Structure formats: structure tokens, C-alpha cells
$ cat structure03.cif   # mmCIF, C-alpha atoms and all ligand atoms
data_structure
#
loop_
_atom_site.label_atom_id
_atom_site.label_comp_id
_atom_site.auth_asym_id
_atom_site.auth_seq_id
_atom_site.Cartn_x
_atom_site.Cartn_y
_atom_site.Cartn_z
CA MET H 12 -4.86 7.59 72.58
CA ARG H 13 -5.80 9.08 75.93
CA LEU H 14 -4.63 12.65 76.35
CA PRO H 15 -2.79 13.66 79.52
CA ILE H 16 -4.80 14.97 82.45
CA LEU H 17 -3.32 18.13 83.89
CA LYS H 18 -3.12 18.63 87.62
CA ASP H 19 -4.89 21.43 89.46
CA VAL H 20 -8.06 21.53 87.40
CA ASN H 21 -11.48 21.60 89.03
CA SER H 22 -13.17 19.74 86.21
CA LEU H 23 -11.85 17.50 83.48
CA CYS H 24 -13.44 19.81 80.90
CA GLU H 25 -11.38 22.76 82.07
CA GLN H 26 -8.29 21.65 80.21
CA CYS H 27 -10.19 20.91 77.02
CA VAL H 28 -11.15 23.23 74.19
CA ALA H 29 -14.70 21.81 74.16
CA LEU H 30 -13.96 19.22 71.51
CA CYS H 31 -17.39 17.65 71.94
CA CYS H 32 -19.14 20.95 71.10
CA ARG H 33 -17.37 21.40 67.78
CA TYR H 34 -19.23 18.88 65.63
CA PHE H 35 -22.40 16.89 65.48
CA ALA H 36 -22.98 13.44 64.03
CA PHE H 37 -26.04 11.36 63.28
CA GLU H 38 -26.75 7.89 61.98
CA ILE H 39 -27.65 7.46 58.32
CA ASP H 40 -28.97 4.48 56.35
CA LYS H 41 -26.38 2.02 55.20
CA PRO H 42 -25.82 2.65 51.49
CA THR H 43 -26.62 -0.33 49.27
CA THR H 44 -27.25 1.10 45.80
CA LYS H 45 -25.34 3.19 43.30
CA ARG H 46 -27.76 6.04 44.00
CA ASP H 47 -27.15 5.81 47.78
CA PHE H 48 -23.41 6.20 47.20
CA GLU H 49 -24.03 9.12 44.86
CA ASP H 50 -25.91 10.83 47.69
CA LEU H 51 -23.05 10.19 50.13
CA ARG H 52 -20.65 11.69 47.62
CA TRP H 53 -22.84 14.76 47.45
CA TYR H 54 -22.88 15.09 51.27
CA ILE H 55 -19.14 14.82 51.49
CA TYR H 56 -18.59 17.46 48.81
CA HIS H 57 -19.89 19.91 51.41
CA GLN H 58 -17.34 21.57 53.61
CA ASP H 59 -16.54 20.05 57.01
CA THR H 60 -18.53 16.87 56.36
CA ILE H 61 -17.19 13.40 56.97
CA ILE H 62 -18.78 9.96 56.97
CA PHE H 63 -17.73 7.09 59.16
CA VAL H 64 -18.75 3.52 59.95
CA GLU H 65 -18.64 2.18 63.48
CA LYS H 66 -19.87 -1.26 64.55
CA GLY H 67 -21.49 -1.66 61.14
CA ARG H 68 -23.51 1.55 61.48
CA TRP H 69 -23.08 4.52 59.16
CA TYR H 70 -22.84 8.11 60.43
CA MET H 71 -22.49 11.54 58.96
CA GLN H 72 -20.52 14.10 60.91
CA ILE H 73 -20.53 17.87 60.38
CA ASN H 74 -17.48 19.51 61.88
CA ARG H 75 -19.00 22.85 62.82
CA PRO H 76 -19.09 24.27 66.35
CA CYS H 77 -22.26 24.77 68.30
CA LYS H 78 -23.51 28.37 68.08
CA GLU H 79 -23.89 28.43 71.88
CA LEU H 80 -20.22 27.71 72.53
CA LEU H 81 -18.66 30.72 74.25
CA PRO H 82 -15.19 32.06 73.36
CA ASP H 83 -13.83 30.62 76.63
CA ASN H 84 -15.09 27.13 75.61
CA ARG H 85 -17.97 27.09 78.08
CA CYS H 86 -21.58 26.44 77.19
CA GLY H 87 -23.71 29.56 76.72
CA VAL H 88 -26.93 27.70 77.52
CA TYR H 89 -25.60 25.38 80.24
CA GLU H 90 -28.79 25.37 82.34
CA LYS H 91 -30.98 24.44 79.40
CA ARG H 92 -28.49 22.49 77.25
CA PRO H 93 -30.08 19.68 75.24
CA ALA H 94 -30.38 16.15 76.63
CA ILE H 95 -27.61 14.81 74.40
CA CYS H 96 -25.19 17.32 75.97
CA ARG H 97 -26.40 16.43 79.49
CA GLU H 98 -25.91 12.72 78.84
CA TYR H 99 -22.38 13.13 77.49
CA THR H 100 -19.74 12.62 80.16
CA THR H 101 -15.97 12.74 80.42
CA LYS H 102 -15.94 8.95 80.96
CA ASN H 103 -15.36 8.25 77.28
CA CYS H 104 -15.41 11.66 75.64
CA ASP H 105 -13.47 13.14 72.75
CA TRP H 106 -10.68 14.31 75.04
CA HIS H 107 -10.51 11.63 77.72
CA GLY H 108 -11.73 8.60 75.79
CA ASP H 109 -9.93 6.03 73.70
CA ASP H 110 -9.26 6.37 70.00
CA TYR H 111 -12.21 6.09 67.67
CA ASP H 112 -12.84 2.60 66.44
CA TYR H 113 -13.84 3.42 62.87
CA GLU H 114 -14.25 0.56 60.43
CA HIS H 115 -14.24 3.14 57.66
CA LEU H 116 -13.62 6.86 57.62
CA PHE H 117 -14.42 8.89 54.50
CA THR H 118 -13.20 12.44 54.27
CA GLU H 119 -13.09 12.77 50.47
CA ALA H 120 -15.59 11.90 47.74
CA ASP H 121 -12.95 9.76 45.96
CA GLN H 122 -12.81 7.42 48.96
CA ILE H 123 -16.58 6.91 48.79
CA GLU H 124 -16.35 6.28 45.05
CA GLN H 125 -13.66 3.67 45.51
CA TYR H 126 -15.54 1.93 48.34
CA ALA H 127 -18.78 1.96 46.27
CA LYS H 128 -17.03 0.43 43.24
CA GLN H 129 -15.73 -2.46 45.33
CA TYR H 130 -18.96 -2.92 47.33
CA LEU H 131 -21.22 -2.91 44.25
CA ALA H 132 -18.92 -5.32 42.38
CA GLU H 133 -19.07 -7.73 45.36
CA GLN H 134 -22.87 -7.43 45.45
CA ARG H 135 -23.10 -8.23 41.73
CA LYS H 136 -20.84 -11.26 42.24
CA ARG H 137 -23.00 -12.47 45.16
CA ARG H 138 -26.18 -12.04 43.09
CA ARG H 139 -24.65 -14.05 40.22
CA THR H 140 -23.59 -16.85 42.62
CA ARG H 141 -27.07 -16.90 44.20
CA ALA H 142 -28.75 -17.01 40.77
CA LYS H 143 -26.47 -19.87 39.67
CA SER H 144 -27.19 -21.95 42.77
CA ALA H 145 -30.95 -21.23 42.50
CA SER H 146 -30.96 -22.44 38.89
CA LYS H 147 -28.98 -25.56 39.92
CA ASN H 148 -31.56 -26.25 42.64
CA ARG H 149 -34.42 -25.81 40.17
CA ALA H 150 -32.77 -28.29 37.78
CA LYS H 151 -32.30 -30.78 40.65
CA THR H 152 -35.97 -30.46 41.62
CA ARG H 153 -37.04 -31.01 38.01
CA ARG H 154 -34.88 -34.14 37.80
CA ALA H 155 -36.31 -35.42 41.08
CA LYS H 156 -39.90 -34.95 39.84
CA THR H 157 -39.50 -36.56 36.41
CA PRO H 158 -39.36 -40.31 37.41
CA GLN H 159 -42.43 -39.83 39.62
CA ARG H 160 -44.51 -38.79 36.57
CA LYS H 161 -43.22 -41.73 34.55
CA SER H 162 -44.15 -44.26 37.24
CA LYS H 163 -47.68 -42.81 37.45
CA ALA H 164 -48.03 -43.22 33.68
CA ARG H 165 -46.88 -46.80 33.91
CA ALA H 166 -49.31 -47.51 36.74
CA ALA H 167 -52.17 -46.13 34.65
CA LEU H 168 -51.36 -48.29 31.65
CA PRO H 169 -53.08 -51.58 32.63
CA VAL H 170 -56.30 -49.71 33.44
CA ARG H 171 -56.45 -48.21 29.95
CA LEU H 172 -55.71 -51.64 28.46
CA LEU H 173 -58.50 -53.23 30.48
CA LYS H 174 -60.98 -50.55 29.39
CA SER H 175 -60.18 -50.95 25.71
CA ALA H 176 -60.38 -54.74 25.95
S1 LIG M 1 -16.70 16.28 77.85
FE1 LIG M 1 -14.63 15.81 77.15
S2 LIG M 1 -14.51 16.62 75.07
FE2 LIG M 1 -16.28 17.57 76.07
S3 LIG M 1 -15.52 19.48 76.93
FE3 LIG M 1 -15.36 17.95 78.53
S4 LIG M 1 -13.32 17.14 78.32
FE4 LIG M 1 -13.77 18.18 76.44
S1 LIG M 2 -25.47 23.36 73.83
FE1 LIG M 2 -23.70 23.77 75.10
S2 LIG M 2 -22.94 21.76 75.72
FE2 LIG M 2 -24.30 21.47 73.99
S3 LIG M 2 -23.00 21.50 72.20
FE3 LIG M 2 -23.71 23.57 72.49
S4 LIG M 2 -22.15 24.55 73.72
FE4 LIG M 2 -21.84 22.37 73.88
#
$ encode --input "structure03.cif" --output "C-alpha cells"
Amino acid sequence: MRLPILKDVNSLCEQCVALCCRYFAFEIDKPTTKRDFEDLRWYIYHQDTIIFVEKGRWYMQINRPCKELLPDNRCGVYEKRPAICREYTTKNCDWHGDDYDYEHLFTEADQIEQYAKQYLAEQRKRRRTRAKSASKNRAKTRRAKTPQRKSKARAALPVRLLKSA
């Protein structure tokens, strides 16, 4: 949802409470094992931490404001603000952008636990299916090889007979 833009403001940021300076997020490895999910659960037990998935990539977000944010919502180190702050624009920001397109949003450890249970069960099922089809393929290969050995044996027979004669 795009928020309304007020008239008579010099900059789009003027009407905002510096939403983009009140958290930081970074990409984390996609969890694939029980231990990975345990770690995520530990992260999320910490205050103001959430985990989300966007376009298949996993992120951890800490909802704590930047220490340089001034009480009037301006940046206290504007001239030397980090590159990530310089690159961020109002084009698609937290205030003026569209809604977040999360595939998954985890705010509680229980949600992670539930997701992990389902994910790991699916993985186990996939592994079982793969193992079954691999064993079927091995059996097929064995069957395909067997007549070849027999025909070689038959071909060798007259030679042995000749030798013993
Ligand atoms: S860039 Fe967007 S979210 Fe950040 S302060 Fe400006 S209006 Fe607010
Ligand atoms: S350095 Fe400035 S612009 Fe960057 S997050 Fe902190 S207050 Fe915001």
C-alpha cells in the first residue's frame, strides 16, 4: 500500500518518521538442515528480530534504530552516511514503495518450527523417492547386462569343445 504524499513538503522524507533508519536486514543462508532451523529459532528468540524470505532468498531483520538517527528523524552523519544509505532512494522506499512481497515472514519461533517440520518432512519424502527410483534404475541396468554375459558364454563354448577334442 502506498502511503499518501502530503502537499507542501520540500522533500519526500520530510513527512516520514525515517522508517528506513529504524531497522537493518541482511541476507542469510537458506536453511536446509534441522540444525539450520534451530539456529534461526535462536535468532528469532532475540528481541526485535524477524526473518523473511523474498524471491527465494532468506533475510534476517533487526528492528532497532540507527544510533545516528536524530530526534527530529534526520541523519546525524548525513555528509558521511554509509553507501547503503546513499543508495537508498524514495523511489521504492519503506514509506513510498509498494507492499513487501514476502514469500514467508517469521516473527515467532513457533512459525519457524512449523515451517521446518513441513520442509524437513518434504525433504525426507524426496530423498526416499530418489532412492527408490535409483534402486529401480540399478535393477534395470542389471537386467540389461545379464543376457549379454550369457551370450558371451555361449559364444565361448565351441572353442572349449574344440580344445578338449
Ligand atoms: S527514504 Fe523513504 S522511508 Fe526513508 S526517510 Fe525517506 S521517505 Fe522515509
Ligand atoms: S546513517 Fe543516517 S541515513 Fe543511515 S541509517 Fe543511520 S540515520 Fe539513517
$ closest_residue --input "structure03.cif" --among "H:Lys45, H:Arg135, H:Lys91, H:His107" --to "Glu25 (chain H)" --atoms "all atoms listed in the file"
H:His107
$ residues_near_ligand --input "structure03.cif" --ligand "ligand LIG 2 (chain M)" --cutoff "7 Å" --atoms "only C-alpha atoms and all ligand atoms" --output "tab-separated table (two decimals) with C-alpha atoms, in the frame of the given file"
chain	number	residue	atom	x	y	z
H	31	CYS	CA	-17.39	17.65	71.94
H	32	CYS	CA	-19.14	20.95	71.10
H	77	CYS	CA	-22.26	24.77	68.30
H	78	LYS	CA	-23.51	28.37	68.08
H	79	GLU	CA	-23.89	28.43	71.88
H	80	LEU	CA	-20.22	27.71	72.53
H	85	ARG	CA	-17.97	27.09	78.08
H	86	CYS	CA	-21.58	26.44	77.19
H	87	GLY	CA	-23.71	29.56	76.72
H	88	VAL	CA	-26.93	27.70	77.52
H	89	TYR	CA	-25.60	25.38	80.24
H	92	ARG	CA	-28.49	22.49	77.25
H	93	PRO	CA	-30.08	19.68	75.24
H	96	CYS	CA	-25.19	17.32	75.97
$ residues_around --input "structure03.cif" --residues "Trp106 (chain H)" --least-positions-apart "2" --cutoff "7 Å" --atoms "all atoms listed in the file" --output "ChimeraX atom specification"
/H:14,27,30,104,108
$ closest_residue --input "structure03.cif" --among "H:Glu98, H:Glu49, H:Asp112, H:Glu133" --to "ligand LIG 1 (chain M)" --atoms "all atoms listed in the file"
H:Glu98
$ closest_residue --input "structure03.cif" --among "H:Tyr70, H:Tyr34, H:Tyr54, H:Tyr130" --to "ligand LIG 1 (chain M)" --atoms "all atoms listed in the file"
H:Tyr34
$ closest_residue --input "structure03.cif" --among "H:Asn74, H:Gly67, H:Asn103, H:Trp53" --to "Asp121 (chain H)" --atoms "all atoms listed in the file"
H:Trp53
$ atom_distance --input "structure03.cif" --atom1 "atom FE3 of ligand LIG 1 (chain M)" --atom2 "CA of Asp59 (chain H)"
21.7 Å
$ atom_distance --input "structure03.cif" --atom1 "CA of Ala94 (chain H)" --atom2 "CA of Tyr111 (chain H)"
22.6 Å
$ atom_distance --input "structure03.cif" --atom1 "CA of Ala142 (chain H)" --atom2 "CA of Pro42 (chain H)"
22.6 Å
$ closest_residue --input "structure03.cif" --among "H:Thr101, H:Asn84, H:Gln72, H:Gln58" --to "ligand LIG 1 (chain M)" --atoms "only C-alpha atoms and all ligand atoms"
H:Thr101
